[in-house]
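Next up, start09.txt (compact mmCIF, C-alpha atoms):
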```txt
# COMPACT_ATOMS: atom_id res chain seq x y z
CA MET Q 1047 85.03 31.75 -106.80
CA LYS Q 1048 83.24 34.63 -105.04
CA PRO Q 1049 79.44 34.50 -104.84
CA GLN Q 1050 77.86 36.81 -107.42
CA ILE Q 1051 75.54 39.55 -106.18
CA VAL Q 1052 73.39 42.35 -107.56
CA VAL Q 1053 73.28 45.43 -105.31
CA TRP Q 1054 70.04 47.37 -105.00
CA LEU Q 1055 71.29 50.72 -103.69
CA VAL Q 1056 68.57 52.29 -101.55
CA ARG Q 1057 68.70 56.07 -101.79
CA ASP Q 1058 65.31 57.55 -100.96
CA THR Q 1059 62.95 54.64 -101.60
CA CYS Q 1060 62.12 52.85 -98.36
CA ARG Q 1061 59.43 50.45 -99.57
CA VAL Q 1062 59.01 47.10 -101.30
CA SER Q 1063 55.66 47.77 -103.03
CA ASP Q 1064 55.69 49.37 -106.48
CA ASN Q 1065 59.45 49.72 -106.45
CA PRO Q 1066 60.79 49.48 -110.02
CA ALA Q 1067 64.43 49.60 -108.87
CA LEU Q 1068 63.95 46.65 -106.54
CA ILE Q 1069 62.06 44.75 -109.23
CA LYS Q 1070 64.78 45.46 -111.81
CA ALA Q 1071 67.56 44.40 -109.43
CA ASN Q 1072 65.71 41.22 -108.56
CA ALA Q 1073 65.20 40.40 -112.25
CA ILE Q 1074 68.89 40.93 -113.04
CA ALA Q 1075 69.84 38.72 -110.10
CA LYS Q 1076 67.56 35.94 -111.33
CA SER Q 1077 68.84 36.09 -114.91
CA ALA Q 1078 72.46 36.09 -113.75
CA ASP Q 1079 71.93 33.34 -111.16
CA ALA Q 1080 73.09 35.86 -108.57
CA VAL Q 1081 71.87 36.95 -105.15
CA LEU Q 1082 70.03 40.23 -104.53
CA VAL Q 1083 71.62 42.51 -101.92
CA PRO Q 1084 69.65 45.58 -100.78
CA LEU Q 1085 72.09 48.23 -99.47
CA VAL Q 1086 71.41 51.52 -97.71
CA CYS Q 1087 74.21 53.98 -96.98
CA LEU Q 1088 74.02 56.50 -94.17
CA GLU Q 1089 76.33 58.82 -96.05
CA PRO Q 1090 78.27 61.55 -94.25
CA ARG Q 1091 76.79 64.24 -96.53
CA ARG Q 1092 73.33 63.56 -95.12
CA TRP Q 1093 74.04 62.54 -91.55
CA ALA Q 1094 77.06 64.67 -90.63
CA ASP Q 1095 77.76 67.43 -93.16
CA GLN Q 1096 76.81 71.08 -92.78
CA GLN Q 1097 76.01 73.98 -95.10
CA PHE Q 1098 75.92 77.62 -94.00
CA GLY Q 1099 76.75 76.26 -90.54
CA LEU Q 1100 73.55 74.18 -90.48
CA ALA Q 1101 73.22 70.42 -90.19
CA ARG Q 1102 72.24 68.74 -93.44
CA ALA Q 1103 69.95 66.34 -91.59
CA GLY Q 1104 68.07 67.36 -88.46
CA GLU Q 1105 66.62 65.13 -85.79
CA HIS Q 1106 63.12 65.06 -87.31
CA TRP Q 1107 64.42 63.83 -90.67
CA CYS Q 1108 66.85 61.39 -89.05
CA ARG Q 1109 64.11 59.95 -86.84
CA PHE Q 1110 61.80 59.37 -89.79
CA ARG Q 1111 64.54 57.98 -92.02
CA ALA Q 1112 65.73 55.56 -89.33
CA GLU Q 1113 62.15 54.34 -88.80
CA SER Q 1114 61.72 53.94 -92.54
CA ILE Q 1115 64.94 51.98 -92.95
CA ARG Q 1116 64.11 49.71 -90.03
CA ALA Q 1117 60.63 49.10 -91.48
CA LEU Q 1118 62.20 48.33 -94.85
CA ARG Q 1119 64.59 45.85 -93.27
CA ASP Q 1120 61.72 44.12 -91.46
CA ALA Q 1121 59.74 43.88 -94.70
CA LEU Q 1122 62.71 42.46 -96.59
CA ILE Q 1123 63.39 39.89 -93.89
CA GLU Q 1124 59.77 38.76 -94.10
CA MET Q 1125 60.35 38.23 -97.83
CA GLY Q 1126 63.41 36.09 -97.19
CA SER Q 1127 65.93 38.84 -97.88
CA ASP Q 1128 67.70 41.38 -95.65
CA LEU Q 1129 69.15 44.88 -95.72
CA TRP Q 1130 72.81 45.80 -95.59
CA VAL Q 1131 73.48 49.09 -93.74
CA SER Q 1132 76.71 51.03 -94.16
CA ALA Q 1133 77.92 54.35 -92.76
CA GLU Q 1134 80.08 54.97 -95.84
CA GLU Q 1135 79.41 56.57 -99.19
CA PRO Q 1136 78.09 54.06 -101.75
CA VAL Q 1137 81.35 53.78 -103.69
CA TYR Q 1138 83.28 52.77 -100.55
CA ALA Q 1139 80.58 50.41 -99.31
CA VAL Q 1140 80.32 48.61 -102.65
CA ASN Q 1141 84.10 48.44 -102.99
CA ARG Q 1142 84.40 46.87 -99.53
CA ALA Q 1143 81.84 44.25 -100.52
CA LEU Q 1144 84.21 43.20 -103.32
CA ASP Q 1145 86.40 41.52 -100.71
CA GLN Q 1146 83.80 38.78 -100.34
CA TYR Q 1147 81.49 39.02 -103.36
CA SER Q 1148 81.56 39.47 -107.12
CA ILE Q 1149 79.27 42.37 -108.03
CA LYS Q 1150 77.29 41.87 -111.21
CA ALA Q 1151 75.49 45.25 -111.20
CA VAL Q 1152 74.36 48.14 -109.01
CA VAL Q 1153 70.72 49.13 -109.47
CA THR Q 1154 69.41 52.38 -108.06
CA ASP Q 1155 67.01 55.24 -108.74
CA GLN Q 1156 67.69 58.00 -111.24
CA PRO Q 1157 69.80 60.71 -109.57
CA LEU Q 1158 67.64 63.62 -108.48
CA ALA Q 1159 70.29 66.27 -107.98
CA SER Q 1160 74.00 66.92 -108.43
CA GLU Q 1161 75.19 65.01 -105.34
CA GLU Q 1162 73.34 61.85 -106.32
CA ARG Q 1163 74.61 62.20 -109.90
CA LEU Q 1164 78.19 62.42 -108.64
CA GLU Q 1165 77.64 59.36 -106.42
CA THR Q 1166 76.60 57.40 -109.48
CA ALA Q 1167 79.53 58.75 -111.49
CA ARG Q 1168 81.99 57.64 -108.80
CA LEU Q 1169 80.54 54.13 -108.85
CA GLU Q 1170 80.82 53.97 -112.63
CA ALA Q 1171 84.38 55.34 -112.51
CA GLU Q 1172 85.27 52.37 -110.28
CA GLY Q 1173 84.02 50.02 -112.99
CA PHE Q 1174 80.62 49.12 -111.56
CA HIS Q 1175 77.74 48.84 -114.01
CA CYS Q 1176 74.95 51.12 -112.74
CA ASP Q 1177 71.41 50.46 -113.89
CA LEU Q 1178 69.33 53.59 -113.22
CA VAL Q 1179 65.57 53.30 -112.78
CA SER Q 1180 62.78 55.89 -112.47
CA THR Q 1181 61.56 54.77 -109.07
CA ASP Q 1182 59.80 57.68 -107.39
CA ASP Q 1183 58.75 59.66 -110.45
CA LEU Q 1184 55.28 59.62 -111.96
CA PHE Q 1185 56.75 59.19 -115.43
CA ARG Q 1186 59.73 57.34 -116.80
CA PHE Q 1187 62.15 59.48 -118.81
CA GLU Q 1188 61.21 57.71 -122.02
CA GLN Q 1189 57.55 58.64 -121.46
CA LEU Q 1190 58.22 62.38 -121.39
CA PRO Q 1191 57.21 64.25 -124.57
CA PHE Q 1192 60.45 66.27 -124.53
CA GLU Q 1193 64.16 65.86 -123.95
CA LEU Q 1194 65.53 66.89 -120.56
CA ASP Q 1195 67.28 69.94 -122.02
CA GLU Q 1196 63.92 70.96 -123.52
CA LEU Q 1197 62.01 70.78 -120.21
CA PRO Q 1198 59.30 73.47 -120.21
CA ALA Q 1199 60.51 76.52 -118.30
CA THR Q 1200 57.46 76.76 -116.02
CA PHE Q 1201 55.11 74.37 -114.30
CA SER Q 1202 52.09 75.63 -116.25
CA LYS Q 1203 53.77 74.79 -119.55
CA PHE Q 1204 54.95 71.43 -118.20
CA ARG Q 1205 51.46 70.50 -117.00
CA LYS Q 1206 49.82 71.47 -120.28
CA VAL Q 1207 52.28 69.44 -122.32
CA VAL Q 1208 51.95 66.40 -120.06
CA GLU Q 1209 48.17 66.50 -119.75
CA LYS Q 1210 47.62 67.03 -123.48
CA LYS Q 1211 49.79 64.16 -124.66
CA PRO Q 1212 47.41 61.31 -125.56
CA GLY Q 1213 47.85 58.22 -123.45
CA LEU Q 1214 50.47 59.70 -121.11
CA THR Q 1215 49.69 58.32 -117.67
CA PRO Q 1216 51.88 57.01 -114.86
CA ASP Q 1217 52.55 53.28 -114.95
CA LYS Q 1218 50.19 51.30 -112.77
CA PRO Q 1219 51.70 50.12 -109.47
CA VAL Q 1220 53.31 46.69 -109.71
CA ILE Q 1221 53.47 43.87 -107.19
CA GLN Q 1222 56.87 42.83 -105.90
CA PRO Q 1223 57.80 39.25 -106.91
CA GLU Q 1224 59.59 36.78 -104.68
CA LEU Q 1225 63.11 38.01 -103.91
CA VAL Q 1226 66.29 36.14 -104.71
CA GLY Q 1227 67.60 35.50 -101.20
CA CYS Q 1228 70.42 37.45 -99.57
CA VAL Q 1229 73.94 36.95 -98.22
CA GLU Q 1230 75.66 37.96 -95.01
CA GLN Q 1231 76.65 41.62 -94.64
CA PRO Q 1232 80.44 41.98 -94.79
CA TRP Q 1233 80.63 44.65 -92.07
CA PRO Q 1234 78.83 45.44 -88.78
CA ASP Q 1235 75.86 47.80 -88.68
CA PRO Q 1236 77.18 51.34 -88.13
CA VAL Q 1237 76.84 53.15 -84.83
CA GLU Q 1238 74.95 55.98 -86.59
CA TRP Q 1239 72.19 53.57 -87.52
CA ILE Q 1240 71.61 52.64 -83.88
CA ASP Q 1241 71.93 56.18 -82.50
CA ALA Q 1242 69.43 57.60 -84.98
CA LEU Q 1243 66.72 55.40 -83.52
CA ASP Q 1244 66.92 57.32 -80.24
CA TYR Q 1245 65.12 60.34 -81.68
CA ALA Q 1246 61.51 60.62 -80.52
CA MET Q 1247 58.59 62.05 -82.43
CA SER Q 1248 57.50 65.44 -81.11
CA ASP Q 1249 54.36 65.27 -78.96
CA GLN Q 1250 53.38 68.64 -80.43
CA ILE Q 1251 52.92 67.37 -83.97
CA GLU Q 1252 49.32 67.47 -85.13
CA VAL Q 1253 49.47 64.47 -87.48
CA PRO Q 1254 51.85 61.77 -86.20
CA THR Q 1255 54.06 60.49 -88.99
CA GLU Q 1256 55.98 57.31 -88.36
CA GLY Q 1257 58.40 56.17 -91.03
CA GLY Q 1258 57.75 53.08 -93.10
CA GLU Q 1259 55.52 51.69 -95.81
CA THR Q 1260 52.86 50.25 -93.48
CA ALA Q 1261 52.41 53.56 -91.65
CA ALA Q 1262 52.16 55.37 -94.99
CA MET Q 1263 49.45 53.09 -96.34
CA THR Q 1264 47.53 53.19 -93.06
CA HIS Q 1265 47.45 56.99 -93.09
CA TRP Q 1266 46.58 57.21 -96.79
CA GLN Q 1267 43.75 54.72 -96.46
CA ALA Q 1268 42.34 56.58 -93.45
CA TYR Q 1269 42.42 59.81 -95.45
CA LEU Q 1270 40.51 58.18 -98.32
CA ASP Q 1271 38.04 56.49 -95.97
CA ALA Q 1272 37.28 59.86 -94.37
CA LYS Q 1273 36.44 61.17 -97.88
CA ALA Q 1274 38.75 64.11 -97.19
CA LEU Q 1275 39.96 63.94 -100.78
CA SER Q 1276 36.60 65.33 -101.90
CA HIS Q 1277 37.38 68.71 -100.28
CA TYR Q 1278 41.17 68.73 -100.69
CA LYS Q 1279 41.37 71.83 -102.91
CA VAL Q 1280 39.12 73.80 -100.57
CA THR Q 1281 41.03 73.02 -97.38
CA ARG Q 1282 44.63 72.37 -98.50
CA ASN Q 1283 45.83 75.91 -97.67
CA ALA Q 1284 44.75 75.71 -94.04
CA PHE Q 1285 47.58 76.06 -91.54
CA CYS Q 1286 46.31 73.23 -89.38
CA GLY Q 1287 43.76 70.42 -89.28
CA PRO Q 1288 44.49 66.68 -89.56
CA MET Q 1289 42.34 66.20 -92.67
CA GLN Q 1290 42.75 69.60 -94.27
CA SER Q 1291 45.62 68.40 -96.44
CA SER Q 1292 46.82 64.90 -97.26
CA HIS Q 1293 49.95 65.01 -95.03
CA LEU Q 1294 51.61 62.54 -97.41
CA SER Q 1295 54.77 64.55 -97.97
CA ALA Q 1296 57.07 62.78 -95.49
CA TRP Q 1297 56.18 59.33 -96.79
CA LEU Q 1298 56.60 60.49 -100.38
CA ALA Q 1299 59.92 62.22 -99.63
CA HIS Q 1300 61.39 59.10 -98.00
CA GLY Q 1301 59.94 56.80 -100.63
CA CYS Q 1302 57.66 54.92 -98.22
CA LEU Q 1303 54.75 55.54 -100.58
CA SER Q 1304 54.76 55.54 -104.36
CA ALA Q 1305 53.49 58.66 -106.13
CA ARG Q 1306 52.05 56.36 -108.79
CA THR Q 1307 50.05 54.54 -106.12
CA VAL Q 1308 48.59 57.83 -104.90
CA TRP Q 1309 47.77 58.84 -108.49
CA TRP Q 1310 45.90 55.64 -109.30
CA ASP Q 1311 44.20 55.51 -105.90
CA THR Q 1312 42.70 58.95 -106.55
CA LEU Q 1313 41.30 57.67 -109.84
CA ASP Q 1314 39.79 54.64 -108.06
CA TYR Q 1315 38.35 57.00 -105.45
CA GLU Q 1316 36.72 59.10 -108.18
CA ALA Q 1317 35.14 55.99 -109.65
CA ARG Q 1318 33.58 55.16 -106.26
CA GLU Q 1319 32.83 58.58 -104.77
CA GLY Q 1320 32.63 60.87 -107.77
CA ALA Q 1321 35.14 63.29 -109.26
CA ASN Q 1322 35.41 67.00 -108.61
CA GLU Q 1323 38.06 69.70 -108.71
CA SER Q 1324 39.42 68.60 -105.32
CA THR Q 1325 39.97 64.99 -106.32
CA TYR Q 1326 41.84 66.21 -109.40
CA TRP Q 1327 43.83 68.73 -107.40
CA LEU Q 1328 45.84 66.14 -105.52
CA ARG Q 1329 47.05 64.83 -108.88
CA PHE Q 1330 47.73 68.45 -109.82
CA GLU Q 1331 50.00 68.71 -106.77
CA LEU Q 1332 51.72 65.45 -107.72
CA LEU Q 1333 52.44 67.03 -111.10
CA TRP Q 1334 54.05 69.99 -109.30
CA ARG Q 1335 56.25 67.51 -107.43
CA GLU Q 1336 57.05 65.78 -110.72
CA PHE Q 1337 57.96 69.05 -112.41
CA PHE Q 1338 60.45 69.93 -109.67
CA ARG Q 1339 62.06 66.49 -109.92
CA TRP Q 1340 62.80 66.94 -113.61
CA TYR Q 1341 63.65 70.62 -113.06
CA SER Q 1342 66.30 69.58 -110.53
CA ARG Q 1343 67.81 67.08 -112.95
CA ALA Q 1344 67.78 69.54 -115.84
CA ASN Q 1345 69.46 72.33 -113.85
CA ASP Q 1346 71.85 70.22 -111.77
CA TRP Q 1347 74.25 72.30 -109.63
CA THR Q 1348 72.84 75.66 -110.76
CA LEU Q 1349 69.80 75.02 -108.54
CA PHE Q 1350 72.01 75.59 -105.50
CA ARG Q 1351 73.84 78.78 -106.50
CA ARG Q 1352 72.78 82.21 -105.29
CA ARG Q 1353 71.76 83.33 -108.80
CA GLY Q 1354 69.77 80.12 -109.29
CA PRO Q 1355 69.13 78.32 -112.58
CA ASN Q 1356 68.00 81.58 -114.20
CA ASP Q 1357 71.34 83.26 -113.38
CA ILE Q 1358 69.64 86.33 -111.91
CA ASP Q 1359 71.40 88.68 -109.51
CA ILE Q 1360 69.14 89.40 -106.55
CA SER Q 1361 69.53 91.14 -103.21
CA GLY Q 1362 69.87 89.42 -99.86
CA ASP Q 1363 72.76 88.94 -97.48
CA GLN Q 1364 73.70 86.42 -94.79
CA ASN Q 1365 73.31 88.62 -91.72
CA SER Q 1366 73.43 86.26 -88.75
CA ARG Q 1367 71.29 88.40 -86.43
CA ARG Q 1368 68.39 88.72 -88.87
CA PHE Q 1369 68.67 85.04 -89.77
CA GLU Q 1370 68.54 84.00 -86.11
CA THR Q 1371 65.45 86.20 -85.60
CA TRP Q 1372 63.72 84.51 -88.53
CA LYS Q 1373 64.60 80.93 -87.77
CA SER Q 1374 63.71 81.22 -84.05
CA GLY Q 1375 60.28 82.69 -84.82
CA ASN Q 1376 60.88 86.14 -83.31
CA THR Q 1377 60.30 88.40 -86.32
CA GLY Q 1378 57.24 90.17 -84.89
CA CYS Q 1379 55.08 88.91 -87.77
CA ASP Q 1380 52.75 86.56 -85.93
CA ILE Q 1381 51.96 84.14 -88.77
CA VAL Q 1382 55.64 83.75 -89.64
CA ASP Q 1383 56.63 83.30 -85.99
CA ALA Q 1384 53.92 80.69 -85.40
CA ALA Q 1385 54.97 78.72 -88.46
CA MET Q 1386 58.66 78.78 -87.59
CA ARG Q 1387 57.98 77.61 -84.05
CA GLU Q 1388 55.89 74.75 -85.36
CA LEU Q 1389 58.71 73.81 -87.72
CA ASN Q 1390 61.34 73.91 -84.99
CA GLN Q 1391 59.32 71.77 -82.60
CA THR Q 1392 57.82 69.25 -85.01
CA GLY Q 1393 59.71 69.27 -88.32
CA TRP Q 1394 56.45 70.10 -90.10
CA MET Q 1395 54.87 73.17 -91.67
CA SER Q 1396 51.93 73.50 -94.06
CA ASN Q 1397 52.54 74.33 -97.71
CA ARG Q 1398 50.95 77.78 -97.37
CA ALA Q 1399 53.06 78.57 -94.31
CA ARG Q 1400 56.22 77.56 -96.17
CA GLN Q 1401 55.49 80.10 -98.87
CA LEU Q 1402 54.84 82.85 -96.33
CA VAL Q 1403 57.98 82.30 -94.25
CA ALA Q 1404 60.02 82.12 -97.45
CA SER Q 1405 58.55 85.42 -98.62
CA HIS Q 1406 59.43 86.97 -95.27
CA LEU Q 1407 63.02 85.75 -95.28
CA ILE Q 1408 63.67 86.95 -98.84
CA TYR Q 1409 61.68 90.18 -99.05
CA GLU Q 1410 61.17 91.34 -95.45
CA SER Q 1411 64.41 90.13 -93.83
CA ASN Q 1412 66.44 90.68 -97.01
CA LEU Q 1413 68.39 87.46 -96.56
CA ASP Q 1414 70.04 85.12 -99.06
CA TRP Q 1415 67.29 82.69 -100.11
CA ARG Q 1416 69.69 79.78 -99.78
CA LEU Q 1417 69.80 80.30 -96.00
CA GLY Q 1418 66.08 79.52 -95.88
CA ALA Q 1419 66.42 76.51 -98.15
CA ALA Q 1420 69.31 75.18 -96.05
CA TYR Q 1421 67.40 75.73 -92.82
CA PHE Q 1422 64.39 73.87 -94.19
CA GLU Q 1423 66.73 71.05 -95.20
CA SER Q 1424 67.99 70.87 -91.62
CA GLN Q 1425 64.53 70.92 -90.01
CA LEU Q 1426 61.89 69.36 -92.27
CA VAL Q 1427 60.82 65.78 -91.67
CA ASP Q 1428 59.70 65.70 -95.31
CA TYR Q 1429 62.80 67.28 -96.82
CA ASP Q 1430 63.06 66.54 -100.52
CA VAL Q 1431 65.94 68.09 -102.44
CA ALA Q 1432 64.01 68.89 -105.62
CA SER Q 1433 60.83 70.26 -104.03
CA ASN Q 1434 62.65 72.18 -101.31
CA TRP Q 1435 65.30 73.93 -103.38
CA GLY Q 1436 63.01 74.27 -106.39
CA ASN Q 1437 60.30 76.00 -104.37
CA TRP Q 1438 62.76 78.34 -102.65
CA ALA Q 1439 64.27 79.32 -106.02
CA TYR Q 1440 60.72 79.85 -107.28
CA ILE Q 1441 59.79 82.23 -104.44
CA ALA Q 1442 63.12 84.05 -104.77
CA GLY Q 1443 62.60 84.66 -108.48
CA VAL Q 1444 65.71 82.78 -109.63
CA GLY Q 1445 63.80 79.63 -110.56
CA PRO Q 1446 60.79 78.64 -112.65
CA ASP Q 1447 58.39 81.44 -111.65
CA PRO Q 1448 57.37 83.49 -114.72
CA ARG Q 1449 56.58 86.46 -112.46
CA GLY Q 1450 60.15 86.65 -111.21
CA GLY Q 1451 59.38 85.83 -107.57
CA ARG Q 1452 56.46 85.72 -105.15
CA ILE Q 1453 55.93 88.43 -102.54
CA PHE Q 1454 53.01 87.74 -100.18
CA ASN Q 1455 51.00 90.18 -98.11
CA LEU Q 1456 51.54 88.31 -94.87
CA ASN Q 1457 48.79 89.96 -92.84
CA ASP Q 1458 46.20 89.38 -95.55
CA GLN Q 1459 47.29 85.75 -95.87
CA ALA Q 1460 47.06 85.22 -92.11
CA ASP Q 1461 43.56 86.73 -91.94
CA ARG Q 1462 42.43 84.67 -94.89
CA TYR Q 1463 43.70 81.26 -93.79
CA ASP Q 1464 43.72 81.69 -90.00
CA PRO Q 1465 40.77 84.07 -89.48
CA ASP Q 1466 40.05 82.94 -85.91
CA HIS Q 1467 43.73 82.95 -84.87
CA VAL Q 1468 43.49 79.28 -83.91
CA TYR Q 1469 46.85 78.42 -85.44
CA ARG Q 1470 48.64 81.51 -84.12
CA ARG Q 1471 47.32 81.05 -80.58
CA ARG Q 1472 48.47 77.45 -80.56
CA TRP Q 1473 52.10 78.26 -81.36
CA LEU Q 1474 52.50 81.72 -79.86
CA THR Q 1475 50.97 81.19 -76.40
```

Take the structure in the file and write it out as structure tokens.
Amino acid sequence: MKPQIVVWLVRDTCRVSDNPALIKANAIAKSADAVLVPLVCLEPRRWADQQFGLARAGEHWCRFRAESIRALRDALIEMGSDLWVSAEEPVYAVNRALDQYSIKAVVTDQPLASEERLETARLEAEGFHCDLVSTDDLFRFEQLPFELDELPATFSKFRKVVEKKPGLTPDKPVIQPELVGCVEQPWPDPVEWIDALDYAMSDQIEVPTEGGETAAMTHWQAYLDAKALSHYKVTRNAFCGPMQSSHLSAWLAHGCLSARTVWWDTLDYEAREGANESTYWLRFELLWREFFRWYSRANDWTLFRRRGPNDIDISGDQNSRRFETWKSGNTGCDIVDAAMRELNQTGWMSNRARQLVASHLIYESNLDWRLGAAYFESQLVDYDVASNWGNWAYIAGVGPDPRGGRIFNLNDQADRYDPDHVYRRRWLT
């Protein structure tokens, strides 16, 4: 008789702390007298595929993801478990495991977009029982005060509904129990897994971001210890500065840090240091992230079409010359060029800069907004499908913006947030 296993399919959650999917998989394994098998797949769609001629995963993202996976494996080994790594899509990897093991269940996080949903559907079509868990959301689906097809159309409406519902708060972070062993991986580690580790972090990046749960918690604790949270709202729009914003996005995007942990840590901080608009504003930004996660699920594939979820016909072509000028940082608009050069060299760009370069691509360069979203996907170390595509659709006016798009006065924005030209001098000279 084949040994019975429960597969925890790691998608974008590279941590062991406050990981409901891992906890659920471990509990099922215990109740079934089975063995827990954590599995991560380096799927072709992320590591090899292209869209609009652009890589789906650039070197900055691959470097961070490889570091995060290695850190996760180390943490699991310390807990008496291990991590299977496959270069195949989940359905093929799980099917190959059937040669040696009997699979009781596959536990993974709730699909965030259409590709993840189809991955889950393919597993279920093969007869595998998939247990889906809200792992990186603030709220579980059953906590939401509306059905998914009744999701408020804008963030403002979403926030008001969520904040006004009595007793609606994210679950408190939970401690991971002892894991139920592991078994030998039925295939060798893929070459892609080894090669990805060769990428080096850019020496130009202002805030070094190494993948993994320990690095995430170290950075977050340093940010809290510096009391930077107390001025977050005032400084968050700055183009540079190591403590001007939280710089948590990469760790959140790769699941090295739980959004619920950040939420509750800010409340603990307020109890110690006092609350103000800035300490609340980080939770406000987490709610934005949360909104886009549910917005992505509600709109599925329409988030990625030219007309967007709102089915609006807008201008913009795919002219290769203008696109090359934009993505290389040679538009002649100094704030846009500085931001694009920072992105290309480091994989990072501030939130304010992202809005400005998006405005330029859509309204100044008259390009298809999806080119910008795809380029961000190929370059950002903190790429997150829901936040990235949701924000681009928002700026383009085909998403959840009640104004029908956001056009920025780029010179005014540059003078306001980079008055001394510190940021522009750094990247343009």

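Comparing the minimum interatomic distances between His1293 of chain Q and each of Q:Gln1156, Q:Ser1366, Q:Thr1392, Q:Asn1397, counting only C-alpha atoms, we find that Q:Asn1397 sits nearest.
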
Contact check, segment 1285-1359 of chain Q to segment 1209-1212 of chain Q, at most 12 Å, counting only C-alpha atoms, closest pairs as CSV:
```
residue,atom,partner,partner_atom,distance
Q:Arg1329,CA,Q:Glu1209,CA,11.1
Q:Phe1330,CA,Q:Glu1209,CA,10.1
Q:Leu1333,CA,Q:Glu1209,CA,9.7
```

Near-Glu1089 of chain Q list (9 Å; only C-alpha atoms; drop same-chain fewer than 6 positions) as an mmCIF file with C-alpha atoms, in the coordinates of the input:
```cif
data_model
loop_
_atom_site.group_PDB
_atom_site.id
_atom_site.type_symbol
_atom_site.label_atom_id
_atom_site.label_comp_id
_atom_site.auth_asym_id
_atom_site.auth_seq_id
_atom_site.Cartn_x
_atom_site.Cartn_y
_atom_site.Cartn_z
ATOM 1 C CA SER Q 1132 76.710 51.030 -94.160
ATOM 2 C CA ALA Q 1133 77.920 54.350 -92.760
ATOM 3 C CA GLU Q 1134 80.080 54.970 -95.840
ATOM 4 C CA GLU Q 1135 79.410 56.570 -99.190
ATOM 5 C CA PRO Q 1136 78.090 54.060 -101.750
#
```

Need to verify the contact set: Ile1381 of chain Q, 9 Å, only C-alpha atoms, exclusion of same-chain residues closer than 6 positions in sequence. Can you return it as a PDB file with C-alpha atoms, in the coordinates of the input?
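Resulting contents of selection36.pdb:
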```
ATOM      1  CA  ALA Q1399      53.060  78.570 -94.310  1.00  0.00           C
ATOM      2  CA  LEU Q1402      54.840  82.850 -96.330  1.00  0.00           C
ATOM      3  CA  VAL Q1403      57.980  82.300 -94.250  1.00  0.00           C
ATOM      4  CA  LEU Q1456      51.540  88.310 -94.870  1.00  0.00           C
ATOM      5  CA  ASN Q1457      48.790  89.960 -92.840  1.00  0.00           C
ATOM      6  CA  GLN Q1459      47.290  85.750 -95.870  1.00  0.00           C
ATOM      7  CA  ALA Q1460      47.060  85.220 -92.110  1.00  0.00           C
ATOM      8  CA  ASP Q1464      43.720  81.690 -90.000  1.00  0.00           C
ATOM      9  CA  TYR Q1469      46.850  78.420 -85.440  1.00  0.00           C
ATOM     10  CA  ARG Q1470      48.640  81.510 -84.120  1.00  0.00           C
TER      11      ARG Q1470
END
```

How far is it from atom CA of Asp1363 of chain Q to atom CA of Ser1396 of chain Q, in Å with one decimal?
26.2 Å

Write out as number ranges by chain the residues lying within 8 Å of segment 1242-1254 of chain Q, counting all atoms listed in the file and excluding same-chain residues fewer than 3 positions away.
Q: 1105-1106, 1108-1109, 1112-1113, 1238-1239, 1286-1288, 1293, 1391-1392, 1394

Rounded to one decimal place, report the atom CA of Ala1073 of chain Q-atom CA of Ala1143 of chain Q distance in Å.
20.7 Å

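Closest approach to Arg1449 of chain Q among Q:Pro1049, Q:Thr1200, Q:Trp1334, Q:Val1308: Q:Thr1200, based on only C-alpha atoms.
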
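Across Q:Val1207, Q:Leu1426, Q:Ala1261, Q:Leu1389, the tightest approach to Ala1299 of chain Q is made by Q:Leu1426 when counting all atoms listed in the file.
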
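Distances from Q:Ala1067, Q:Leu1100, Q:Val1137, Q:Val1229 to Gln1050 of chain Q were compared using all atoms listed in the file, and the smallest one belongs to Q:Val1229.
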
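Residue nearest Asp1383 of chain Q within the list Q:Ala1420, Q:Ala1159, Q:Met1395, Q:Ala1101: Q:Met1395 [criterion: smallest interatomic distance, all atoms listed in the file].
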
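Picture a line from atom CA of Asn1437 of chain Q to atom CA of Glu1256 of chain Q; it runs 25.0 Å.
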
If we count only C-alpha atoms, what is near Leu1298 of chain Q at a cut-off of 9 Å, once residues fewer than 3 positions away on the same chain are taken out, given as a PyMOL selection string?
chain Q and resi 1059+1182+1262+1294-1295+1301-1305+1428+1430

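Counting only C-alpha atoms, the residue from Q:Asp1346, Q:Arg1102, Q:Arg1472, Q:Asn1322 that sits nearest to Phe1422 of chain Q is Q:Arg1102.
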
Enclosing box along x, y and z for every listed atom of segment 1288-1291 of chain Q, padded 5 Å each side, centre and size in Å, one decimal, as AutoDock Vina command-line options:
```
--center_x 44.0 --center_y 67.9 --center_z -93.0 --size_x 13.3 --size_y 13.4 --size_z 16.9
```

Polymer residues at most 9 Å from Ile1360 of chain Q, all atoms listed in the file, same-chain spacing of 3 or more positions, as a count of residues only:
6
